[in-house]
Protein chains: 2
Amino acid sequence: MSFNQSTPISRLTALFPCFDWLRDYKRTDFTSDLIAGIITAILLVPQGIAYAMLAGLPAQVGLYASILPPAIYALLGTSRTLSVGPVSIAAIMIASALTTPEIIGQGDPVTNAMILAAETGIILLLLSVFRMGTLVNFISHPVLVGFTSGAAILIMYSQLGHLFGIGKLGCGLNLQCYVDHLNHIKPIAMTIGLLSVAALIFFSKALPHLFERLNVNSLLATAISKSGPLLVVLAGAYIALKLSTGDGIISPTVGSVPAGLPDFSIDLIYSNTWQLLFPAAVFIALIAYVESIAIAKVTANLRRQRIKPNQELIALGSANLAASLTGGMPVAGGFSRTMVNFSAGAVTQMAMLIAAGLLACSVLFFTDVFEHILKTSLAAVILVAIAPLVKPNAILKYWRYDRSDAIAATVTLVGVLSMGIEQGLGLGIAITLLSYLWRTSRPHLAVVGEVANTEHFRNIERHDVETWPHMLLIRVDENLTFANAGYIENYIHYEVIQRPDLQHVVLIFASVSYIDTTGLEALENLQISLATNQITLHLAEVKGPVMDKLAQTSFVEKLTPGKVFFRTHEAVTELSLLNQGACMK
Amino acid sequence: MSFNQSTPISRLTALFPCFDWLRDYKRTDFTSDLIAGIITAILLVPQGIAYAMLAGLPAQVGLYASILPPAIYALLGTSRTLSVGPVSIAAIMIASALTTPEIIGQGDPVTNAMILAAETGIILLLLSVFRMGTLVNFISHPVLVGFTSGAAILIMYSQLGHLFGIGKLGCGLNLQCYVDHLNHIKPIAMTIGLLSVAALIFFSKALPHLFERLNVNSLLATAISKSGPLLVVLAGAYIALKLSTGDGIISPTVGSVPAGLPDFSIDLIYSNTWQLLFPAAVFIALIAYVESIAIAKVTANLRRQRIKPNQELIALGSANLAASLTGGMPVAGGFSRTMVNFSAGAVTQMAMLIAAGLLACSVLFFTDVFEHILKTSLAAVILVAIAPLVKPNAILKYWRYDRSDAIAATVTLVGVLSMGIEQGLGLGIAITLLSYLWRTSRPHLAVVGEVANTEHFRNIERHDVETWPHMLLIRVDENLTFANAGYIENYIHYEVIQRPDLQHVVLIFASVSYIDTTGLEALENLQISLATNQITLHLAEVKGPVMDKLAQTSFVEKLTPGKVFFRTHEAVTELSLLNQGACMK
């Protein structure tokens with residue numbers, strides 16, 4: 001089904017959804033977008049640098065990924081408020097991809113990150129070309145929650161060392177290793193780090209409440225509380241500069257950040273790591289798309305706007321290609337940043353264009369400030385941003401509602417922690433698919449009888465209904481396909497064997513909207529084997545499209561003397577008359 | 001659901017289904033089984049030798065696989081007539097597994113075939129333990145037809161060289177190669193081969209018709225026509241012996257076959273090829289099970305008996321382990337042999353026990369006859385047996401009924417021919433799964449209206465029905481799961497956006513039997529985003545089990561003021577009263 005009407009304007013709007021809002025863009029919209037853009041940029045600067053560090057890349061990579069990619073998304077995306085740029089989950093996936101033993105010796109990390117972005121973009125665009133976007137549905141919510149919880153725990157673990165000025169931890173479950181590390185804690189770094197965490201929590205939790213009580217203008221309140229990360233990072237840098245002897249003894253800093261805009265470059269096509277990085281890019285592309293579309297939907301639904309999933313593939317794919325060409329890393333729509341942009345009043349993607357412009361200014365003029373930023377401050381920013389992604393409550397909720405979903409979430413989480421990011425996600429997807437296939441291969445079927453004095457039919461196991469020894473009514477509650485044809489055949493044969501006086505089997509197809517070749521063959525086999533045993537097969541309540549398809553085959557012919565009844569009640573009446581058998585309750 | 005009642009006898013019968021027929025086994029049953037057993041044995045001897053050759057193994061491997069495995073199946077299987085032993089499709093899969101470059105240098109083929117049988121057995125038993133037998137449904141009929149057609153073509157190609165006395169052909173699409181081979185044709189071998197083919201076609205096609213016309217007793221007719229392969233093979237050996245100078249110049253023979261029963265042996269566990277052979281064993285196990293269960297069902301349905309899929313996994317798994325322990329190759333239920341057994345009057349598996357006994361006698365006393373059997377005769381047996389498996393008509397039929405099924409069959413066939421047996425099958429399965437996932441992620445949904453003066457609701461696109469500007473009725477025709485939740489949400493939002501005066505959305509859940517966590521979350525999100533836009537969400541016709549599950553959550557509470565209506569008509573009546581809005585057609 002296509003939702004697009006085909007006028008020239010609608011076609012242009014389909015390709016460039018920005019025309020949709022540009023057409024009647026108002027002055028007041030611009031005021032709102034300008035404020036939201038500034039607030040988002042204030043958040044984007046520290047996040048860009050922090051997520052680049054998380055991915056194991058120089059700070060500028062995260063900044064570059066915050067300029068052209070969001071601008072491209074602004075032109076192509078269907079969400080008016082999605083903030084595209086570096087995100088934490090993708091960042092740790094990038095870190096994992098760049099540090100596999102096969103990759104470490106091959107090419108420099110920056111080039112490899114650009115290749116990952118290029119591959120992510122190409123994969124998303126291919127998914128769009130083949131209209132396969134719906135396949136990402138197969139990352140179910142429980143798997144996604146298990147995955148993000150696991151990844152968030154890994155991220156928090158990876159930042160603990162930085163918070164205490166130790167650097168990278170690699171202890172796993174080795175307790176002695178942690179004890180040894182205690183000696184290397186840098187007290188000043190730790191103090192700055194812990195104070196930063198406290199300040200960030202104050203900014204994000206306490207400050208909004210306080211402003212609300214004091215009746216501060218809500219926009220001003222948002223602006224101040226969202227500048228927490230930037231203030232914390234700048235304060236840390238300032239303190240360290242004042243205390244420092246210049247040799248980084250207090251806490252490691254980000255280090256020199258080249259000034260100026262990134263160059264366009266396609267040198268990366270000569271690298272030999274494309275193939276090695278490809279599997280990781282597949283996972284990054286899936287997660288980038290799933291996360292972006294999820295948050296885009298939330299904000300769009302709140303304003304009764306619509307997200308077009310296929311156009312999102314194009315927009316995110318192009319944004320990633322843009323990241324690749326301008327020295328960036330894979331990008332996606334960030335959850336917290338989008339919510340900030342939305343609640344700061346962004347009306348259209350103009351806000352993100354403004355934010356991207358401000359980021360461009362920042363790499364032109366402020367890089368000498370950035371190089372003094374402490375890793376411990378960034379670790380604090382990451383820790384506070386990431387903690388809400390660990391969701392044990394969600395998994396408990398799944399446990400109460402649907403055990404198999406809870407198991408899928410838990411296995412994915414444990415898989416991520418024990419086997420690694422991609423392996424855990426792969427395991428989660430595999431489990432989801434297997435359990436899905438297993439469940440759909442055992443469809444719901446019911447032997448039904450007639451509710452006395454009505455024309456309603458209900459499950460004989462749940463209701464007190466009338467049945468007949470010569471007639472078996474079976475309601476098929478799912479489409480008849482290769483996935484369940486064998487099970488359905490088996491079920492019907494079992495019910496038939498138990499009824500020695502049986503003469504008619506009626507299949508009620510009210511819930512069947514599709515029968516594939518294997519399903520059709522199963523029906524044909526069923527008809528033949530029933531006929532061998534002097535039993536006639538009938539159908540009832542066959543839907544229009546299903547009947548149209550069956551009519552193309554010789555099946556209805558072969559069914560004779562069996563019939564296709566419009567309503568089940570008609571079948572019961574006619575077959576009872578045929579038989580004149582006694583009714584029994 | 002379990003079909004087993006739990007009495008001691010039924011439990012014994014569940015483990016050893018043979019008790020089911022042994023309990024009231026009659027003398028007349030034995031007479032029938034004896035005749036069927038002899039006829040099947042007559043067919044089993046040449047087939048066993050031929051399929052061993054096809055697999056690239058010595059003749060005795062095929063014979064050994066025809067002794068203990070069918071006997072074990074007789075005790076454990078639920079089919080009364082399935083003839084287990086070497087089969088052609090598995091044989092070519094074994095040949096393919098044993099001749100990969102990684103395997104060729106490792107261990108001898110006989111040991112590797114035993115390992116394949118052991119792995120096949122273990123895989124089948126594991127599928128049984130985890131009750132995953134239904135997963136083989138995911139080899140759909142179209143893929144199976146494409147696969148067997150492709151494999152049959154490969155088999156026929158592999159036997160052409162033997163038929164003409166040339167040996168193995170390896171020309172592929174190189175025409176010159178075939179021309180070169182013409183010089184190596186052995187005229188006598190070719191003559192015997194072509195005459196054998198003619199004789200076999202006569203035995204299998206013309207003779208039964210002739211006997212029918214002459215009113216020959218049908219059992220005698222079956223016995224004679226089914227001994228065709230044995231007679232052809234023996235005649236070929238006799239002629240060659242008479243003409244031969246002893247140096248195999250006329251046609252290669254099977255060669256020496258050791259006399260005596262096979263030894264039990266578990267030496268194979270020390271081999272280092274287990275891991276290399278495992279992927280091939282997975283495919284062999286799947287195909288062995290799919291083929292066996294298909295033919296078992298056909299014969300069981302004809303006599304109103306029941307096949308228990310999980311018990312079949314145990315029986316076939318054990319039969320394969322038995323093959324492995326007694327020097328055999330992977331086994332399965334053979335299609336043609338089972339039909340012969342069935343139509344020769346087999347009542348129970350006693351027939352196969354007799355056949356297995358006769359096979360044991362043959363390896364004790366007749367191996368010096370077997371070693372003179374000509375490969376050209378065996379090639380003729382294989383060619384005539386395998387030709388009906390190539391089914392272009394079936395693929396044409398799929399094309400008319402369901403394009404995507406026809407494409408799956410064709411791709412599998414072409415894949416088998418161009419990429420190899422396992423790769424082709426893997427490709428077919430992958431395509432089936434992808435298209436299945438894609439289809440189930442786009443469920444059928446319909447905006448419905450009320451048929452005037454009735455309480456029936458129909459699709460507004462197909463019928464002339466009453467609708468209301470303030471109320472949207474959407475019928476969901478499939479279970480609400482992670483696979484389609486996104487699509488359904490998107491569909492509903494699209495319909496909502498187009499109706500500015502909307503106040504109520506009613507989802508009709510008559511066809512919904514299951515809602516998973518992702519589906520539930522989608523409903524919750526939908527409710528929230530509709531509420532934000534002053535629209536109330538309602539449900540109607542929710543099934544009992546679905547309602548039970550929803551009641552465990554806070555969803556119904558959150559729905560307020562939305563309601564769950566028993567019938568759609570009630571929803572329409574109540575919501576119209578609430579609104580007092582004008583009706584429009």
# chains A, B, ... in the order shown; residues from 1 in each chain; ligands from 1
$ residues_around --residues "Ala118 of chain A" --least-positions-apart "5" --cutoff "7 Å" --atoms "only C-alpha atoms" --output "PyMOL selection string"
chain A and resi 320-321+324
$ atom_distance --atom1 "atom CA of Pro561 of chain B" --atom2 "atom CA of Thr467 of chain B"
22.0 Å
$ interface_residues --of "chain A" --to "chain B" --cutoff "6 Å" --atoms "only C-alpha atoms" --output "list in words"
Asn137, Phe138, Ser140, His141, Asn301, Leu302, Phe482, Ala483, Ser511, Thr518 and Ser529 of chain A
$ write_last_selection --atoms "N, CA and C atoms" --output "mmCIF file, in the first residue's frame"
data_model
loop_
_atom_site.group_PDB
_atom_site.id
_atom_site.type_symbol
_atom_site.label_atom_id
_atom_site.label_comp_id
_atom_site.auth_asym_id
_atom_site.auth_seq_id
_atom_site.Cartn_x
_atom_site.Cartn_y
_atom_site.Cartn_z
ATOM 1 N N ASN A 137 11.895 -4.697 12.684
ATOM 2 C CA ASN A 137 10.929 -5.077 13.712
ATOM 3 C C ASN A 137 11.410 -6.300 14.472
ATOM 4 N N PHE A 138 12.265 -7.094 13.822
ATOM 5 C CA PHE A 138 12.651 -8.344 14.452
ATOM 6 C C PHE A 138 13.673 -8.159 15.555
ATOM 7 N N SER A 140 12.950 -7.069 18.744
ATOM 8 C CA SER A 140 11.753 -6.781 19.533
ATOM 9 C C SER A 140 12.089 -5.828 20.678
ATOM 10 N N HIS A 141 11.094 -5.216 21.274
ATOM 11 C CA HIS A 141 11.329 -4.322 22.416
ATOM 12 C C HIS A 141 12.116 -5.019 23.519
ATOM 13 N N ASN A 301 4.154 11.352 17.448
ATOM 14 C CA ASN A 301 2.815 11.034 17.939
ATOM 15 C C ASN A 301 2.289 12.104 18.889
ATOM 16 N N LEU A 302 3.197 12.692 19.671
ATOM 17 C CA LEU A 302 2.763 13.714 20.615
ATOM 18 C C LEU A 302 2.191 14.926 19.887
ATOM 19 N N PHE A 482 3.178 -22.587 5.207
ATOM 20 C CA PHE A 482 4.153 -23.670 5.429
ATOM 21 C C PHE A 482 4.533 -23.743 6.901
ATOM 22 N N ALA A 483 4.464 -22.591 7.595
ATOM 23 C CA ALA A 483 4.921 -22.569 8.973
ATOM 24 C C ALA A 483 4.033 -23.417 9.873
ATOM 25 N N SER A 511 -10.778 -16.320 10.364
ATOM 26 C CA SER A 511 -9.544 -15.588 10.689
ATOM 27 C C SER A 511 -8.435 -15.822 9.673
ATOM 28 N N THR A 518 2.037 -24.278 0.365
ATOM 29 C CA THR A 518 2.133 -25.407 1.283
ATOM 30 C C THR A 518 0.814 -25.600 2.014
ATOM 31 N N SER A 529 -7.268 -37.584 2.110
ATOM 32 C CA SER A 529 -7.216 -38.619 3.136
ATOM 33 C C SER A 529 -8.544 -38.734 3.871
#
$ residues_around --residues "segment 253-257 of chain B" --least-positions-apart "5" --cutoff "8 Å" --atoms "only C-alpha atoms" --output "mmCIF file with all heavy atoms, in the first residue's frame"
data_model
loop_
_atom_site.group_PDB
_atom_site.id
_atom_site.type_symbol
_atom_site.label_atom_id
_atom_site.label_comp_id
_atom_site.auth_asym_id
_atom_site.auth_seq_id
_atom_site.Cartn_x
_atom_site.Cartn_y
_atom_site.Cartn_z
ATOM 1 N N PRO B 58 31.765 -47.668 -0.415
ATOM 2 C CA PRO B 58 31.720 -49.071 -0.818
ATOM 3 C C PRO B 58 30.308 -49.654 -0.649
ATOM 4 O O PRO B 58 29.541 -49.189 0.212
ATOM 5 C CB PRO B 58 32.680 -49.767 0.141
ATOM 6 C CG PRO B 58 33.456 -48.697 0.806
ATOM 7 C CD PRO B 58 32.653 -47.454 0.726
ATOM 8 N N ALA B 59 29.987 -50.658 -1.429
ATOM 9 C CA ALA B 59 28.638 -51.232 -1.464
ATOM 10 C C ALA B 59 28.143 -51.652 -0.080
ATOM 11 O O ALA B 59 26.981 -51.443 0.272
ATOM 12 C CB ALA B 59 28.617 -52.428 -2.417
ATOM 13 N N GLN B 60 29.014 -52.259 0.720
ATOM 14 C CA GLN B 60 28.532 -52.805 1.993
ATOM 15 C C GLN B 60 27.986 -51.719 2.927
ATOM 16 O O GLN B 60 27.129 -52.000 3.763
ATOM 17 C CB GLN B 60 29.634 -53.620 2.703
ATOM 18 C CG GLN B 60 30.810 -52.838 3.205
ATOM 19 C CD GLN B 60 31.910 -52.716 2.164
ATOM 20 O OE1 GLN B 60 31.680 -52.883 0.962
ATOM 21 N NE2 GLN B 60 33.126 -52.429 2.597
ATOM 22 N N GLY B 248 37.919 -55.903 -15.966
ATOM 23 C CA GLY B 248 37.003 -54.761 -15.835
ATOM 24 C C GLY B 248 36.952 -53.905 -17.076
ATOM 25 O O GLY B 248 36.503 -52.775 -17.045
ATOM 26 N N THR B 367 27.585 -62.023 -0.791
ATOM 27 C CA THR B 367 28.463 -60.901 -1.151
ATOM 28 C C THR B 367 29.318 -61.206 -2.372
ATOM 29 O O THR B 367 29.682 -60.303 -3.111
ATOM 30 C CB THR B 367 29.379 -60.520 0.024
ATOM 31 O OG1 THR B 367 29.933 -61.712 0.556
ATOM 32 C CG2 THR B 367 28.584 -59.782 1.086
ATOM 33 N N ASP B 368 29.628 -62.488 -2.626
ATOM 34 C CA ASP B 368 30.444 -62.771 -3.819
ATOM 35 C C ASP B 368 29.646 -62.586 -5.102
ATOM 36 O O ASP B 368 30.223 -62.433 -6.175
ATOM 37 C CB ASP B 368 31.079 -64.174 -3.738
ATOM 38 C CG ASP B 368 30.099 -65.206 -3.250
ATOM 39 O OD1 ASP B 368 28.973 -64.810 -2.870
ATOM 40 O OD2 ASP B 368 30.439 -66.400 -3.226
ATOM 41 N N PHE B 370 27.417 -59.970 -5.243
ATOM 42 C CA PHE B 370 27.352 -58.500 -5.321
ATOM 43 C C PHE B 370 28.587 -57.896 -5.976
ATOM 44 O O PHE B 370 28.499 -56.894 -6.678
ATOM 45 C CB PHE B 370 27.191 -57.896 -3.920
ATOM 46 C CG PHE B 370 25.911 -58.278 -3.231
ATOM 47 C CD1 PHE B 370 25.809 -58.256 -1.848
ATOM 48 C CD2 PHE B 370 24.789 -58.669 -3.966
ATOM 49 C CE1 PHE B 370 24.632 -58.595 -1.210
ATOM 50 C CE2 PHE B 370 23.614 -59.028 -3.328
ATOM 51 C CZ PHE B 370 23.527 -58.996 -1.935
ATOM 52 N N GLU B 371 29.747 -58.526 -5.740
ATOM 53 C CA GLU B 371 30.950 -57.837 -6.219
ATOM 54 C C GLU B 371 31.055 -57.816 -7.748
ATOM 55 O O GLU B 371 31.838 -57.063 -8.301
ATOM 56 C CB GLU B 371 32.218 -58.433 -5.590
ATOM 57 C CG GLU B 371 32.558 -59.818 -6.007
ATOM 58 C CD GLU B 371 33.694 -60.340 -5.128
ATOM 59 O OE1 GLU B 371 33.490 -60.549 -3.911
ATOM 60 O OE2 GLU B 371 34.787 -60.509 -5.661
ATOM 61 N N HIS B 372 30.228 -58.624 -8.410
ATOM 62 C CA HIS B 372 30.242 -58.588 -9.878
ATOM 63 C C HIS B 372 29.230 -57.613 -10.464
ATOM 64 O O HIS B 372 29.151 -57.467 -11.679
ATOM 65 C CB HIS B 372 29.966 -59.999 -10.434
ATOM 66 C CG HIS B 372 30.997 -60.984 -10.007
ATOM 67 N ND1 HIS B 372 32.318 -60.890 -10.396
ATOM 68 C CD2 HIS B 372 30.923 -62.075 -9.190
ATOM 69 C CE1 HIS B 372 33.010 -61.865 -9.838
ATOM 70 N NE2 HIS B 372 32.197 -62.602 -9.095
ATOM 71 N N ILE B 373 28.484 -56.986 -9.580
ATOM 72 C CA ILE B 373 27.476 -56.036 -10.073
ATOM 73 C C ILE B 373 28.169 -54.872 -10.791
ATOM 74 O O ILE B 373 29.172 -54.337 -10.313
ATOM 75 C CB ILE B 373 26.615 -55.520 -8.902
ATOM 76 C CG1 ILE B 373 25.695 -56.647 -8.402
ATOM 77 C CG2 ILE B 373 25.770 -54.315 -9.310
ATOM 78 C CD1 ILE B 373 24.880 -56.283 -7.179
ATOM 79 N N LEU B 374 27.611 -54.501 -11.949
ATOM 80 C CA LEU B 374 28.210 -53.440 -12.757
ATOM 81 C C LEU B 374 27.743 -52.071 -12.283
ATOM 82 O O LEU B 374 26.571 -51.873 -11.951
ATOM 83 C CB LEU B 374 27.793 -53.603 -14.223
ATOM 84 C CG LEU B 374 28.144 -54.921 -14.897
ATOM 85 C CD1 LEU B 374 27.678 -54.869 -16.354
ATOM 86 C CD2 LEU B 374 29.647 -55.167 -14.815
ATOM 87 N N LYS B 375 28.661 -51.132 -12.289
ATOM 88 C CA LYS B 375 28.279 -49.765 -11.940
ATOM 89 C C LYS B 375 27.285 -49.211 -12.954
ATOM 90 O O LYS B 375 26.429 -48.392 -12.612
ATOM 91 C CB LYS B 375 29.514 -48.870 -11.877
ATOM 92 C CG LYS B 375 30.364 -49.156 -10.653
ATOM 93 C CD LYS B 375 31.403 -48.075 -10.421
ATOM 94 C CE LYS B 375 32.087 -48.303 -9.078
ATOM 95 N NZ LYS B 375 33.171 -47.335 -8.840
#
$ residues_around --residues "Leu427 of chain A" --least-positions-apart "5" --cutoff "12 Å" --atoms "only C-alpha atoms" --output "PyMOL selection string"
chain A and resi 139+143-144+146-147+283+407-416+418-422+432-434
$ atom_distance --atom1 "atom CA of Ile89 of chain A" --atom2 "atom CA of Lys168 of chain A"
18.3 Å
$ residues_around --residues "segment 200-217 of chain B" --least-positions-apart "4" --cutoff "9 Å" --atoms "only C-alpha atoms" --output "list in words"
Leu195, Ser196, Ala221, Thr222, Ile224, Ser225, Lys226, Ser227, Gly228, Pro229, Val232, Ala380, Val381 and Val384 of chain B
$ residues_around --residues "His470 of chain A" --least-positions-apart "5" --cutoff "6 Å" --atoms "only C-alpha atoms" --output "ChimeraX atom specification"
/A:501-503
$ atom_distance --atom1 "atom CA of Phe365 of chain B" --atom2 "atom CA of Val45 of chain B"
13.0 Å
$ closest_residue --among "B:Ile284, B:Leu126, B:Leu577, B:Leu63" --to "Leu44 of chain B" --atoms "only C-alpha atoms"
B:Leu63
$ select_by_dssp --residues "segment 388-515 of chain A" --states "strand (DSSP E or B)" --output "list in words"
Leu445, Ala446, Val447, Val448, Gly449, Glu450, Phe457, Arg458, Asn459, Glu466, Thr467, Trp468, Met471, Leu472, Leu473, Ile474, Arg475, Val476, Leu480, His504, Val505, Val506, Leu507, Ile508 and Ile515 of chain A
$ write_last_selection --atoms "N, CA and C atoms" --output "compact mmCIF listing (two decimals), in the first residue's frame"
# COMPACT_ATOMS: atom_id res chain seq x y z
N LEU A 445 -6.04 -23.35 17.34
CA LEU A 445 -7.13 -24.05 16.66
C LEU A 445 -8.15 -24.41 17.73
N ALA A 446 -9.40 -24.46 17.36
CA ALA A 446 -10.40 -24.85 18.35
C ALA A 446 -11.50 -25.67 17.70
N VAL A 447 -11.87 -26.77 18.37
CA VAL A 447 -13.08 -27.48 17.97
C VAL A 447 -14.23 -26.67 18.56
N VAL A 448 -15.17 -26.28 17.72
CA VAL A 448 -16.25 -25.43 18.21
C VAL A 448 -17.59 -26.13 18.09
N GLY A 449 -18.54 -25.67 18.91
CA GLY A 449 -19.91 -26.14 18.84
C GLY A 449 -20.82 -24.91 18.87
N GLU A 450 -22.11 -25.14 18.66
CA GLU A 450 -23.04 -24.02 18.55
C GLU A 450 -23.63 -23.70 19.93
N PHE A 457 -20.76 -19.70 17.50
CA PHE A 457 -19.98 -20.90 17.70
C PHE A 457 -18.82 -20.61 18.63
N ARG A 458 -18.61 -21.51 19.60
CA ARG A 458 -17.56 -21.27 20.59
C ARG A 458 -16.78 -22.55 20.83
N ASN A 459 -15.56 -22.38 21.33
CA ASN A 459 -14.65 -23.46 21.71
C ASN A 459 -15.36 -24.45 22.65
N GLU A 466 -23.40 -27.12 21.77
CA GLU A 466 -23.96 -28.30 21.12
C GLU A 466 -22.95 -28.86 20.11
N THR A 467 -22.77 -30.19 20.13
CA THR A 467 -21.89 -30.82 19.13
C THR A 467 -22.64 -32.00 18.51
N TRP A 468 -22.07 -32.54 17.45
CA TRP A 468 -22.75 -33.61 16.71
C TRP A 468 -21.74 -34.72 16.41
N MET A 471 -20.37 -34.70 12.74
CA MET A 471 -19.90 -33.43 12.17
C MET A 471 -18.87 -32.80 13.11
N LEU A 472 -17.74 -32.39 12.56
CA LEU A 472 -16.68 -31.78 13.36
C LEU A 472 -16.43 -30.37 12.83
N LEU A 473 -16.58 -29.37 13.70
CA LEU A 473 -16.34 -27.98 13.30
C LEU A 473 -15.03 -27.51 13.92
N ILE A 474 -14.09 -27.11 13.08
CA ILE A 474 -12.80 -26.66 13.59
C ILE A 474 -12.55 -25.23 13.11
N ARG A 475 -12.29 -24.33 14.08
CA ARG A 475 -11.98 -22.95 13.73
C ARG A 475 -10.48 -22.78 13.63
N VAL A 476 -10.00 -22.31 12.48
CA VAL A 476 -8.57 -22.08 12.28
C VAL A 476 -8.30 -20.61 12.54
N LEU A 480 -2.95 -19.90 6.91
CA LEU A 480 -2.50 -21.27 6.64
C LEU A 480 -1.26 -21.20 5.77
N HIS A 504 -18.55 -35.47 8.35
CA HIS A 504 -18.25 -34.15 7.80
C HIS A 504 -17.27 -33.38 8.68
N VAL A 505 -16.29 -32.79 8.04
CA VAL A 505 -15.40 -31.88 8.75
C VAL A 505 -15.59 -30.50 8.14
N VAL A 506 -15.89 -29.49 8.98
CA VAL A 506 -16.05 -28.12 8.49
C VAL A 506 -14.93 -27.27 9.08
N LEU A 507 -14.11 -26.67 8.20
CA LEU A 507 -13.07 -25.76 8.68
C LEU A 507 -13.60 -24.32 8.59
N ILE A 508 -13.58 -23.63 9.73
CA ILE A 508 -14.07 -22.25 9.76
C ILE A 508 -12.90 -21.31 9.54
N ILE A 515 -3.48 -18.05 2.33
CA ILE A 515 -3.12 -19.47 2.27
C ILE A 515 -2.00 -19.59 1.25
$ closest_atom_pairs --of "segment 237-328 of chain B" --to "segment 15-38 of chain B" --cutoff "10 Å" --atoms "only C-alpha atoms" --output "CSV"
residue,atom,partner,partner_atom,distance
B:Lys308,CA,B:Pro17,CA,9.8
B:Gln311,CA,B:Leu15,CA,7.8
B:Ile314,CA,B:Leu15,CA,9.2
B:Ala315,CA,B:Phe16,CA,9.3
$ residues_around --residues "segment 352-355 of chain A" --least-positions-apart "4" --cutoff "7 Å" --atoms "only C-alpha atoms" --output "PyMOL selection string"
chain A and resi 34+37-38+40-41+70-71+74+83+359
$ write_last_selection --atoms "N, CA, C and O atoms" --output "PDB file, in the first residue's frame"
ATOM      1  N   LEU A  34      15.153  28.691  17.020  1.00  0.00           N
ATOM      2  CA  LEU A  34      16.447  29.290  17.365  1.00  0.00           C
ATOM      3  C   LEU A  34      16.816  28.947  18.804  1.00  0.00           C
ATOM      4  O   LEU A  34      17.933  28.468  19.077  1.00  0.00           O
ATOM      5  N   GLY A  37      17.522  25.262  19.085  1.00  0.00           N
ATOM      6  CA  GLY A  37      18.786  24.946  18.418  1.00  0.00           C
ATOM      7  C   GLY A  37      19.967  25.285  19.302  1.00  0.00           C
ATOM      8  O   GLY A  37      20.924  24.510  19.386  1.00  0.00           O
ATOM      9  N   ILE A  38      19.907  26.442  19.969  1.00  0.00           N
ATOM     10  CA  ILE A  38      21.019  26.855  20.832  1.00  0.00           C
ATOM     11  C   ILE A  38      21.151  25.877  22.004  1.00  0.00           C
ATOM     12  O   ILE A  38      22.254  25.399  22.317  1.00  0.00           O
ATOM     13  N   THR A  40      20.132  22.761  22.186  1.00  0.00           N
ATOM     14  CA  THR A  40      20.602  21.456  21.712  1.00  0.00           C
ATOM     15  C   THR A  40      22.093  21.498  21.406  1.00  0.00           C
ATOM     16  O   THR A  40      22.830  20.550  21.690  1.00  0.00           O
ATOM     17  N   ALA A  41      22.552  22.623  20.829  1.00  0.00           N
ATOM     18  CA  ALA A  41      23.983  22.739  20.514  1.00  0.00           C
ATOM     19  C   ALA A  41      24.809  22.713  21.796  1.00  0.00           C
ATOM     20  O   ALA A  41      25.886  22.110  21.843  1.00  0.00           O
ATOM     21  N   PRO A  70      23.471  15.975  10.867  1.00  0.00           N
ATOM     22  CA  PRO A  70      22.144  16.491  11.244  1.00  0.00           C
ATOM     23  C   PRO A  70      21.571  17.424  10.183  1.00  0.00           C
ATOM     24  O   PRO A  70      20.349  17.473   9.997  1.00  0.00           O
ATOM     25  N   ALA A  71      22.456  18.161   9.469  1.00  0.00           N
ATOM     26  CA  ALA A  71      21.965  19.063   8.423  1.00  0.00           C
ATOM     27  C   ALA A  71      21.323  18.260   7.292  1.00  0.00           C
ATOM     28  O   ALA A  71      20.255  18.606   6.778  1.00  0.00           O
ATOM     29  N   ALA A  74      18.071  16.950   8.397  1.00  0.00           N
ATOM     30  CA  ALA A  74      17.066  18.014   8.430  1.00  0.00           C
ATOM     31  C   ALA A  74      16.357  18.138   7.084  1.00  0.00           C
ATOM     32  O   ALA A  74      15.158  18.402   7.022  1.00  0.00           O
ATOM     33  N   SER A  83      17.090  14.609  16.778  1.00  0.00           N
ATOM     34  CA  SER A  83      18.423  15.191  16.799  1.00  0.00           C
ATOM     35  C   SER A  83      19.442  14.113  16.425  1.00  0.00           C
ATOM     36  O   SER A  83      19.746  13.238  17.229  1.00  0.00           O
ATOM     37  N   LEU A 359      27.658  24.202  15.969  1.00  0.00           N
ATOM     38  CA  LEU A 359      28.754  23.229  16.103  1.00  0.00           C
ATOM     39  C   LEU A 359      29.891  23.574  15.155  1.00  0.00           C
ATOM     40  O   LEU A 359      31.069  23.474  15.513  1.00  0.00           O
TER      41      LEU A 359
END
$ select_by_dssp --residues "segment 403-523 of chain A" --states "alpha helix (DSSP H)" --output "ChimeraX atom specification"
/A:403-419,421-440,485-497,517-523
